[in-house]
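I have placed the structure first, in the form of structure tokens, so that the comments after it can refer back to it.
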Amino acid sequence: MTTYIGPDEIIQKKRDYLIPCVYHFYQQPMQLVRGEMQYLYDHNGKQYLDCFAGVSVVNCGHCNPEITKAICEQVNTLQHTTTVYLTQNIVNLAERLAGLTPGRLQKSFFCASGTEANEGAALLASIYTGKHEFISLRQGLHGRTKLTMSLTGLSFWRTDTTPVGGISFAPNAYCYRCPLNKQYPECDLACANEIENVIKTATSGQVAAMIAEPIQGNGGMITPPPGYFKRVKEILDRYGILLIVDEVQTGFGRTGKMFAIEHYDVEPDIMTMAKALANGTPVGAFTARAEIADKYTRPGASTLGGNPVTAAASLATLDVITKQNLPARAAELGQYLKAGLQQLQERHPLIGDVRGLGLMLGAELVLPDHSPAIHEVDIVLEKMKDRGFLVGKNGPNRNVLAFQPPLIITQEDLDRLLNNLDDVLSSL
Ligand SMILES: Cc1ncc(COP(=O)(O)O)c(C=O)c1O
């Protein structure tokens, strides 16, 4: 039998041996030891309904047997070779992505994380355009390397005090707290129009690409209004600037479509993916139109990128997502959860806004004067955890409750979640 060292000893070892930037949720955290589909279990055997999915990773559920089987078979056959040798999972996966991604996106490069995917996509954009500046959105998050942290529009995650130059930020489409103090639809998408002003005033005109999440996850589930990305793309096209869509958090059914950018009916020039692509096995990828991808001819290699095991996990994950039509399930259950959260909003003024698409939903908690209810979010998270529900939090003020459960969650699970959240909000 496995013996568990328990939360106190883990915290002590974290203090002693992990770099302290690796922080954890909760005043009284538990040790998680097992996962089964939408549930996690701690070292005392207590069950938790996972409503965060390891930040939008385990879309098919923890230890999904079909995916685990594919991983185990591959681990027992051929685990690693690197890309200087021919193996077939990597090319089969690239072919599958070409079929699933929007429009003409066709050729992929595989790496091991979302950060690397964005770093690589930015490099590809520079190679193709011969330009080196970028535009990003406030409240976006794109990674932890020098460049991707510099592309990140959240101070909380911008630890680097000497960011890369040549990056200009545009206001995001945060309708609840519009950065331009306007209201949709009378605003005529002023935030999207503002990108043209940014190009004309803050850049030298030599912009390779704009990078954006279709829904800003860490930024607080910021969900642009209809028409937003169409307007953005029109502007970028006029200036010959590529659009890199970061689907690291939104991809693979999460928002009710395979990719969130499909809600906006826009074809990105480059798309980045990670997280849910392999349901928990480290993965990253960027995919581009052939004419763009074909400019990247100098050697590029990621030792573990697209290795046989990761690619097998990804192929099995895509099988589960497509066979079980998880995007449609996310759309349906997401609507149910959103309606439930909106009903809670009517009873609890602490909930200022409910937003998101599919099973990527946020509830922004606010005080009576509309200021962020930061402390209250932590209390809700702790109390929900004690009741057996793991909810996330995000936003620049960390006052947005995040609901991103595995897409195989059931309506009964959501009812239990909503009832318990109702009780917890009433108890505050
Ligand atoms: C939208 C987005 N892009 C990029 C990243 C970075 O991905 P990774 O942690 O796999 O490097 C994240 C991580 O949360 C993310 O949410």
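Ordering of the structure tokens sets the chain letters (A, B, ...), residue numbers begin anew at 1 in every chain, and ligands are numbered from 1 in the order given.
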With the cut-off set at 7 Å and counting only C-alpha atoms and all ligand atoms, tabulate each residue of chain A with an atom at most that distance from an atom of ligand 1, showing the nearest atom pair and its distance in Å to one decimal, ordered by chain and increasing number, as a Markdown table.
| residue | atom | partner | partner_atom_place_in_ligand_line | distance |
| --- | --- | --- | --- | --- |
| A:Val55 | CA | ligand 1 | 14 (O) | 6.8 |
| A:Ser113 | CA | ligand 1 | 10 (O) | 3.9 |
| A:Gly114 | CA | ligand 1 | 7 (O) | 3.4 |
| A:Thr115 | CA | ligand 1 | 11 (O) | 3.6 |
| A:Glu116 | CA | ligand 1 | 11 (O) | 6.4 |
| A:Asn118 | CA | ligand 1 | 4 (C) | 6.9 |
| A:Leu141 | CA | ligand 1 | 2 (C) | 5.3 |
| A:His142 | CA | ligand 1 | 4 (C) | 3.9 |
| A:Gly143 | CA | ligand 1 | 6 (C) | 4.1 |
| A:Arg144 | CA | ligand 1 | 11 (O) | 6.7 |
| A:Glu213 | CA | ligand 1 | 1 (C) | 5.8 |
| A:Gln216 | CA | ligand 1 | 1 (C) | 6.7 |
| A:Gly217 | CA | ligand 1 | 16 (O) | 5.8 |
| A:Asn218 | CA | ligand 1 | 16 (O) | 6.0 |
| A:Asp246 | CA | ligand 1 | 1 (C) | 5.7 |
| A:Glu247 | CA | ligand 1 | 1 (C) | 6.3 |
| A:Val248 | CA | ligand 1 | 2 (C) | 4.8 |
| A:Gln249 | CA | ligand 1 | 16 (O) | 4.7 |
| A:Ala274 | CA | ligand 1 | 10 (O) | 6.0 |
| A:Lys275 | CA | ligand 1 | 10 (O) | 6.0 |
| A:Gly284 | CA | ligand 1 | 10 (O) | 6.9 |
Output the selection as a compact mmCIF listing (two decimals), in the first residue's frame - N, CA and C atoms for each residue.
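Heads up, here's the output in part20.txt:
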# COMPACT_ATOMS: atom_id res chain seq x y z
N VAL A 55 -6.49 23.41 -14.67
CA VAL A 55 -6.57 24.57 -15.55
C VAL A 55 -6.78 24.12 -17.01
N SER A 113 5.02 22.48 -24.23
CA SER A 113 4.19 23.33 -23.37
C SER A 113 3.55 24.45 -24.19
N GLY A 114 2.58 25.11 -23.58
CA GLY A 114 1.91 26.24 -24.22
C GLY A 114 2.86 27.40 -24.41
N THR A 115 3.72 27.61 -23.43
CA THR A 115 4.71 28.68 -23.53
C THR A 115 5.56 28.52 -24.77
N GLU A 116 6.09 27.32 -24.93
CA GLU A 116 6.95 27.05 -26.10
C GLU A 116 6.18 27.19 -27.41
N ASN A 118 3.73 29.24 -28.02
CA ASN A 118 3.60 30.67 -28.33
C ASN A 118 4.93 31.27 -28.75
N LEU A 141 -2.52 36.18 -21.28
CA LEU A 141 -1.38 35.44 -20.71
C LEU A 141 -0.88 34.46 -21.77
N HIS A 142 0.44 34.49 -21.99
CA HIS A 142 0.98 33.65 -23.06
C HIS A 142 2.18 32.81 -22.66
N GLY A 143 2.67 32.92 -21.41
CA GLY A 143 3.74 32.01 -21.01
C GLY A 143 4.78 32.63 -20.09
N ARG A 144 5.84 31.86 -19.86
CA ARG A 144 6.84 32.24 -18.87
C ARG A 144 8.24 32.46 -19.43
N GLU A 213 -5.78 35.46 -26.98
CA GLU A 213 -6.62 34.32 -26.61
C GLU A 213 -8.06 34.66 -27.04
N GLN A 216 -9.93 35.20 -22.70
CA GLN A 216 -8.76 35.31 -21.81
C GLN A 216 -9.03 34.53 -20.53
N GLY A 217 -8.28 33.44 -20.34
CA GLY A 217 -8.50 32.58 -19.18
C GLY A 217 -7.97 33.20 -17.91
N ASN A 218 -6.64 33.29 -17.80
CA ASN A 218 -6.04 33.88 -16.61
C ASN A 218 -6.49 35.33 -16.41
N ASP A 246 -4.11 32.10 -29.57
CA ASP A 246 -3.62 31.23 -28.49
C ASP A 246 -4.80 30.43 -27.94
N GLU A 247 -4.89 29.18 -28.38
CA GLU A 247 -5.98 28.29 -27.93
C GLU A 247 -5.49 27.33 -26.84
N VAL A 248 -4.41 27.72 -26.17
CA VAL A 248 -3.82 26.84 -25.15
C VAL A 248 -4.86 26.47 -24.09
N GLN A 249 -5.65 27.44 -23.67
CA GLN A 249 -6.62 27.17 -22.61
C GLN A 249 -8.02 26.91 -23.16
N ALA A 274 -2.00 23.46 -26.50
CA ALA A 274 -1.24 22.68 -25.49
C ALA A 274 -2.27 21.98 -24.61
N LYS A 275 -2.05 22.07 -23.29
CA LYS A 275 -2.98 21.59 -22.27
C LYS A 275 -3.85 20.40 -22.68
N GLY A 284 2.70 20.66 -26.52
CA GLY A 284 2.47 21.99 -27.07
C GLY A 284 2.55 21.87 -28.58
What are the closest atom pairs, with distances in Å to one decimal, for each residue of stretch 23-112 of chain A lying within 12 Å of stretch 350-361 of chain A, using only C-alpha atoms, rows by chain and rising residue number, as CSV?
residue,atom,partner,partner_atom,distance
A:Cys51,CA,A:Leu359,CA,9.5
A:Phe52,CA,A:Met360,CA,9.4
A:Ala53,CA,A:Met360,CA,10.7
A:Val55,CA,A:Met360,CA,10.2
A:Ser56,CA,A:Met360,CA,8.3
A:Val57,CA,A:Met360,CA,11.8
A:Asn59,CA,A:Leu359,CA,9.8
**Request:** Give the strand (DSSP E) residues of stretch 137-342 of chain A, as assigned by DSSP on the backbone, as a PyMOL selection string.
**Result:** chain A and resi 137+167-170+207-212+242-246+270-273+284-289
**Request:** Please identify all polymer residues within 7 Å of stretch 107-112 of chain A, counting only C-alpha atoms, omitting same-chain residues fewer than 5 positions from it, and present them as number ranges by chain.
**Result:** A: 94, 98, 117, 282-290, 293, 302, 304-306
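The shell of residues at most 10 Å from A:Gln27, with only C-alpha atoms counted and near chain neighbours (fewer than 3 positions) removed, consists of His24, Met30, Asp378, Ile379, Leu381 and Glu382 of chain A.
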Counting only C-alpha atoms, give me one row per residue of stretch 323-348 of chain A with an atom at most 10 Å from an atom of stretch 416-427 of chain A, showing the shortest contact pair and its distance in Å to one decimal, sorted by chain then residue number, as a tab-separated table.
residue	atom	partner	partner_atom	distance
A:Leu337	CA	A:Leu418	CA	7.9
A:Gly340	CA	A:Leu418	CA	6.7
A:Leu341	CA	A:Leu418	CA	7.2
A:Gln343	CA	A:Leu418	CA	9.6
A:Leu344	CA	A:Asp422	CA	6.6
A:Gln345	CA	A:Asp422	CA	9.6
A:Arg347	CA	A:Asp422	CA	8.8
A:His348	CA	A:Leu425	CA	7.0
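Straight-line separation from atom CA of A:Leu151 to atom CA of A:Gly240: 19.6 Å.
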**Request:** Would you list the contacts of stretch 393-403 of chain A as a ChimeraX atom specification, taking every protein, DNA or RNA residue within 8 Å and counting only C-alpha atoms, but skipping same-chain residues closer than 3 positions in sequence?
**Result:** /A:51-52,139,154-156,217-221,359-366,372-377
